[in-house]
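Shown next, in structure tokens, is the structure this report addresses.
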Amino acid sequence: MRKTRRTARAGVVAAAMALLTPLAACGGDEGGTPTINLYYAPEQNLQKVVDDCNAEAAGRYRISYQVLPRGADDQRVQMVRRLAAEDDGMDVLGLDITWTQEFASADWILEWTGDNKAQAEQGTLAGPLASAEYEDKLYAAPKNTNVQLLWYRTDLVQQPPTTWDQMIQQALELKGQGKPYQVITMGAQYEGLVVLYNTIVASAGGHILDDDGTEAVFDQGAVRGLEILQKFASAGVTSPSFTNSIEDDARLQFQGGNAAFELNWPFVYPAMQEGAPDLAAKVKWARYPGVDASTPSKVTIGGYNLAVSRYSKHPEEAFDAALCLRDAEHQKFSAINDGVPPTIESVYSDPEMAKAYPMKDTILEELRDPANRPLSPAYQNISTVMSATLSPPASISPEQTAKELRGSIQDALESKGVLP
Amino acid sequence: MEARGAKWRWGLLDVVVVVFALVPVLWIMSLSFKTTATLTDGHFIPREWTLENYKTIFQTDQFVRALVNSIGIALISTLIAVVLGTMAAYAIARLDFPGKGALVGVSLLIAMFPQVSLVSPLFDIERRLGLFDTWPGLILPYITFALPLTIYTLSAFFKQIPWDLEKAAKMDGATQGEAFRKVIAPLAAPGVFTTAILAFIFCWNDFLFAISLTSTERSRTVPVALSFFTGDSQFEDPTGSISAAAVVITIPIILFVLFFQRRIVSGLTSGAVKG
Amino acid sequence: MSAPTTAAAKHRAEEKPLSKAEKARLSEGKRAERRLGWLLCAPAAIVMLGVAGYPILYSVWLSLQRYDLKFPDDREFVGLSNYVTVLSNQYWWTAFGVTMLITVVTVVVELVLGMALAVIMHRTLVGRGIVRTAALIPYGIVTVVAAFSWRYAWTPGTGYLANLFSDSAPLTERASSLAIIMLAEIWKTTPFMALLLMAGLALVPEDLLKAAAMDGATAWQRFTKVMLPVMKPAILVALLFRTLDAFRVFDNIYVLTAGANETSSVSMLAYNNLIKGLNLGIGSTMSVLIFLTVAIIAFVFVKLFGTAAPGSSDEGRR
């Protein structure tokens, strides 16, 4: 044992030296063609879009798709760490729409101006575009968006509800009849809960922040939103795991057969076709329920924007690459093949969308009247504070919670205090 | 007879231990064999079996590359950490020199400081030195954070060894080398192999450093590769493939432990501590 | 930790006045011993300080500043005010309490179970290899994967464990989710304790046990009077490192409840402030506080175990 230790150690040192030498060769430019490093979440067919854009670039630049981890939080951490260290190895960044203001405020991404700005804005839906702006300047080009729908069982529900009260009432009736009745949605202590609450508040005409995004107003509409959320959580129509469910849990619960309604992103549709085809045949979609019968809902949008890193060595080419990756044709491709809704309005009327995206009309309807989450650099803080305070939703006492939130969101905006 | 009764009793205890340890592992295995449709039916034994998940993870060379990285980095880190730790522990246990207590204190300090805060500055240094996304870039932190446990464990064990036996053996005519090999080394073995196993498992399963200090397949290790597995959409977790991958990456651990577990107690039976 | 031992060492060195000749001889040997000691320790010390030195110091430096990456212009030196903010915050103390609870319960349970497991692994008459390997597998599985499997298992409808109990979801209540978190921790890290304790058991001299048996000691007496004292160093290492790790519990809570129902640990709090909030000042402050707490615990342990601590006594020296 011991006598071989010395020789083993020498071998190890030699191995370490051998490994240390080829350090220099990391992602350099080949000859003259600049490499544009695209850092984006995993999307199954994005590589084809990248290849297409490389062909279009015809040698001016070459996009290299660097895949980020699956989870949104992990993606953000990766990028933040490198941007904070002024790493010049990243060019085009795929940002969740809620990170754009944060990155802009930290001075990590470049402003879009002139021709680039015009191209990015042309034909783009207003909601996603607003999420790419900070202090009236454009900092990213929206690539795709996303919005939740109401999914319901046609064998149990004749007329889909248009308000929360109606939905709860229909569910309770079904419960009384002994049929599947649950309303499935995400209620864990995480971003999804904030999305849910934001939708309710926006549908009630309320505001969490003022228009500038610098002060926590938390007006009457926001308080009404708390009441509705609390009523929903304690009405006895949610699944037992409601307060521990995220998107995929919700999908599986609905597929389990005890539910009549689901509020979730469109990914559940193709997943249901594959995982529970018998059930899928009985499921249709409708517009997300609103608060008042007279006012249609305003639903929170999600999605991804493309931004250019401030430390990029080839910003000009990076802007071009980003514009190519998110142009109408490629958005259509991604929508059909990866299921991510486009941000350019004209794509929705394309006939090819109809088969893969039967719910596109409802999606577009919601996208034309959307709700954004509070657009502020401190959004992560706000979200953390809100999800901790709103969880579990059944324990909300509207006036008390509103007072608490008004204070803690204001602190979060000013980066004061401690996040839960 | 007494011996047989004892065997049955021990056997029963063995079974209890194995069941308690392995039932959750078998659950993960069962998840890895389930089809997507039956993934969440709550049954312990899959109603529908499939090898699809295993095929999927080996389809691209992404996972295999990660396996190679993990094996290489973990083995090298463990080896170096055990070697350096053994030397330091020997000195601490047997020699007197100023700074001995300080070394132990500093190594404990390093073990105690929350690693989440250390990752960003470490990333900064490595990026400047060109070590980011390389094997040495992970090996060095792994050695650093395995050393405290290594030093502490080994010095605790080295203090237990009756060093006079070495003198006795030399008086009986053995050379220094022989005395060391035949008398001391077997007594040191339990500590060294225990430490090796623990250091290996730490390096193998670490996620925080691996995800912060790597960015491409060049040095990405397996736990990080798991977070890159994709489901059919951004919201669906590829539970089947993750479970399959988890099963696959536990196998080297099993082999490593199987190989070393005997040597932990082999020292006693080699006859040094009689009478 | 280091203060008492260096003081003791210094005192020993200054003890008796020696004659010149004795001094000359001794210092020759002593110097050689010192050199050898430093030489052997140097590589380990260099690696540890080189890699971790700057990050730790930088972290401490950051804790004295108000520094939010999102608002880089607001960066300023604020001295200890971050510490005041954190220590007077209710979230911190709730998480602290939860972490303490989890630490104490899991370490105590693991010590007992680990000892039992160590005895079984060491002394079993059948299937030794199988038991040892099987017992270590929980520790060898990637924590996040194991946590996910527990999450699935305890979710009603999708898992086998939840279906055993009532219809309610155990992960949505505070008490039951804390219990599940502790169970997951215990399952995962008992092998760590058991392995260290087993190696300690392996050093207990057989003949001592045989002599005790011949003197009429029962199995329990042999355990407490012969095995335990010899195993003290091993127990200290196991207890110390396990406690340090237990206090920094993160993965299991993150996956099982995401900190809901006030089940967050201090590590999760630090992570949220540092990584999610990009508040380097507060996040670093929490890290330093976690470190200080853990250091105090370590200090207490080392004091309790006295001479069993490495580098602290004369046993085993040449």
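Residues in the structure tokens are named by chain (A, B, ... in the order shown) and by number from 1 within that chain; ligands are numbered from 1 in the order shown.
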Closest atom pairs, chain A residues within 6 Å of chain B, only C-alpha atoms, as a tab-separated table:
```
residue	atom	partner	partner_atom	distance
A:Pro69	CA	B:Phe228	CA	4.6
A:Arg70	CA	B:Phe228	CA	5.3
A:Asp248	CA	B:Glu236	CA	5.5
A:Gly275	CA	B:Ala37	CA	4.7
```
Saved selection, atoms kept: C-alpha atoms, as a tab-separated table (two decimals), in the first residue's frame:
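As written to disk, again_19.tsv reads:
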```tsv
chain	number	residue	atom	x	y	z
A	69	PRO	CA	-29.34	24.46	-17.04
A	70	ARG	CA	-32.96	23.43	-17.13
A	248	ASP	CA	-45.61	19.75	-13.49
A	275	GLY	CA	-49.61	10.90	-21.06
```
TODO: Run DSSP on the backbone of this structure and report the residues of region 76-317 of chain C it assigns to alpha helix (DSSP H), as an NGL selection string.
DONE: :C and (81-87 or 90-123 or 128-140 or 143-154 or 174-202 or 206-214 or 219-221 or 228-247 or 251-256 or 266-271 or 280-305)
- [ ] Give the residues of chain A that lie within 7 Å of chain C; count only C-alpha atoms, and format the answer as an MDAnalysis selection string.
- [x] chainID A and resid 77 102 105:106 189 240:241 243:244 377 380:381 391 417:420
- [ ] Specify as a VMD selection string all residues of chain B found within 6 Å of chain C, counting only C-alpha atoms.
- [x] chain B and resid 7 10 18 21 40 to 42 84 87 to 88 91 to 94 97 101 to 102 105 112 to 114 118 121 144 155 to 156 159 190 201 205 250 258 265
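The space separating CA of Leu93 (chain A) from CA of Ala378 (chain A) comes to 19.4 Å.
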Open item on the list: Env of Phe33 (chain B): 6 Å cut, atoms = only C-alpha atoms, seq-sep filter 3 positions within chain, self excluded. Answer as a list in words.
Closed with: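 Close residues of Phe33 (chain B): Ser30, Trp49 and Thr50 of chain B.
We find CA of Ser309 (chain A) and CA of Leu138 (chain A) to be spaced 13.7 Å apart.
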TODO: Fewer than 6 positions away in the same chain doesn't count, so skip those; otherwise give me all residues within 10 Å of Leu95 (chain A), counting only C-alpha atoms, as a list in words.
DONE: Tyr39, Tyr40, Ala41, Ala72, Gln75, Arg76, Met79, Phe103, Ala132, Ala140, Ala141, Pro142, Lys143, Gly303, Tyr304, Asn305, Leu306 and Ala307 of chain A
- [ ] Mind giving me the straight-line distance from CA of Ile36 (chain A) to CA of Val92 (chain A) in Å, one decimal?
- [x]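 Taking CA of Ile36 (chain A) and CA of Val92 (chain A), their separation equals 7.1 Å.
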Counting only C-alpha atoms, give me one row per residue of region 239-344 of chain A with an atom at most 9 Å from an atom of region 173-186 of chain A, showing the shortest contact pair and its distance in Å to one decimal, sorted by chain then residue number, as CSV.
```
residue,atom,partner,partner_atom,distance
A:Ser239,CA,A:Gln182,CA,6.2
A:Phe242,CA,A:Met186,CA,6.4
A:Thr243,CA,A:Met186,CA,7.4
A:Asn244,CA,A:Met186,CA,7.8
A:Ser245,CA,A:Met186,CA,5.2
A:Ile246,CA,A:Met186,CA,5.0
A:Glu247,CA,A:Met186,CA,6.0
A:Asp248,CA,A:Met186,CA,9.0
A:Asp249,CA,A:Met186,CA,8.0
A:Ala250,CA,A:Thr185,CA,5.7
A:Arg251,CA,A:Ile184,CA,8.1
A:Gln253,CA,A:Ile184,CA,7.2
A:Phe254,CA,A:Ile184,CA,6.5
A:Gly257,CA,A:Pro180,CA,7.0
A:Asn258,CA,A:Pro180,CA,4.6
A:Ala259,CA,A:Gln182,CA,4.1
A:Ala260,CA,A:Tyr181,CA,4.9
A:Phe261,CA,A:Val183,CA,4.7
A:Glu262,CA,A:Ile184,CA,4.6
A:Leu263,CA,A:Thr185,CA,5.1
A:Asn264,CA,A:Thr185,CA,6.4
```
Hey, what's within 12 Å of Asp52 (chain A) if we count only C-alpha atoms and toss same-chain stuff fewer than 6 positions away? As a PDB file with N, CA and C atoms, in the first residue's frame, please?
```
ATOM      1  N   ASN A  45     -35.296  22.299 -30.245  1.00  0.00           N
ATOM      2  CA  ASN A  45     -34.992  22.527 -31.662  1.00  0.00           C
ATOM      3  C   ASN A  45     -34.312  23.862 -31.915  1.00  0.00           C
ATOM      4  N   LEU A  46     -33.813  24.483 -30.881  1.00  0.00           N
ATOM      5  CA  LEU A  46     -33.180  25.791 -31.070  1.00  0.00           C
ATOM      6  C   LEU A  46     -31.909  25.671 -31.900  1.00  0.00           C
ATOM      7  N   ALA A  58     -23.840  33.915 -43.437  1.00  0.00           N
ATOM      8  CA  ALA A  58     -22.884  33.719 -44.535  1.00  0.00           C
ATOM      9  C   ALA A  58     -21.473  34.182 -44.177  1.00  0.00           C
ATOM     10  N   ARG A  62     -20.570  33.538 -36.452  1.00  0.00           N
ATOM     11  CA  ARG A  62     -21.037  32.158 -36.270  1.00  0.00           C
ATOM     12  C   ARG A  62     -21.594  32.045 -34.855  1.00  0.00           C
ATOM     13  N   ILE A  63     -22.871  31.697 -34.771  1.00  0.00           N
ATOM     14  CA  ILE A  63     -23.500  31.572 -33.455  1.00  0.00           C
ATOM     15  C   ILE A  63     -23.178  30.195 -32.885  1.00  0.00           C
ATOM     16  N   SER A  64     -22.795  30.186 -31.610  1.00  0.00           N
ATOM     17  CA  SER A  64     -22.550  28.915 -30.929  1.00  0.00           C
ATOM     18  C   SER A  64     -23.506  28.819 -29.749  1.00  0.00           C
ATOM     19  N   ALA A 321     -27.338  38.760 -34.696  1.00  0.00           N
ATOM     20  CA  ALA A 321     -27.642  37.359 -34.404  1.00  0.00           C
ATOM     21  C   ALA A 321     -28.947  37.250 -33.626  1.00  0.00           C
ATOM     22  N   CYS A 324     -31.924  37.829 -35.780  1.00  0.00           N
ATOM     23  CA  CYS A 324     -32.200  36.685 -36.649  1.00  0.00           C
ATOM     24  C   CYS A 324     -32.895  35.583 -35.871  1.00  0.00           C
ATOM     25  N   LEU A 325     -32.383  35.301 -34.677  1.00  0.00           N
ATOM     26  CA  LEU A 325     -32.925  34.188 -33.891  1.00  0.00           C
ATOM     27  C   LEU A 325     -34.393  34.402 -33.542  1.00  0.00           C
ATOM     28  N   ARG A 326     -34.822  35.672 -33.426  1.00  0.00           N
ATOM     29  CA  ARG A 326     -36.185  35.901 -32.988  1.00  0.00           C
ATOM     30  C   ARG A 326     -37.063  36.478 -34.107  1.00  0.00           C
ATOM     31  N   ASP A 327     -36.637  36.362 -35.337  1.00  0.00           N
ATOM     32  CA  ASP A 327     -37.482  36.935 -36.378  1.00  0.00           C
ATOM     33  C   ASP A 327     -38.719  36.063 -36.603  1.00  0.00           C
ATOM     34  N   GLU A 329     -40.059  34.237 -38.911  1.00  0.00           N
ATOM     35  CA  GLU A 329     -39.988  32.872 -39.434  1.00  0.00           C
ATOM     36  C   GLU A 329     -39.511  31.899 -38.364  1.00  0.00           C
ATOM     37  N   HIS A 330     -38.481  32.306 -37.624  1.00  0.00           N
ATOM     38  CA  HIS A 330     -37.940  31.410 -36.621  1.00  0.00           C
ATOM     39  C   HIS A 330     -38.854  31.289 -35.414  1.00  0.00           C
ATOM     40  N   PHE A 333     -41.229  28.674 -36.362  1.00  0.00           N
ATOM     41  CA  PHE A 333     -40.605  27.359 -36.253  1.00  0.00           C
ATOM     42  C   PHE A 333     -40.579  26.895 -34.796  1.00  0.00           C
TER      43      PHE A 333
END
```
Open item on the list: Just want the 8 Å neighbourhood of Leu67 (chain B), counted on only C-alpha atoms, with same-chain residues fewer than 2 positions away dropped. Output as number ranges by chain.
Closed with: B: 63-65, 69-71, 221-222, 249
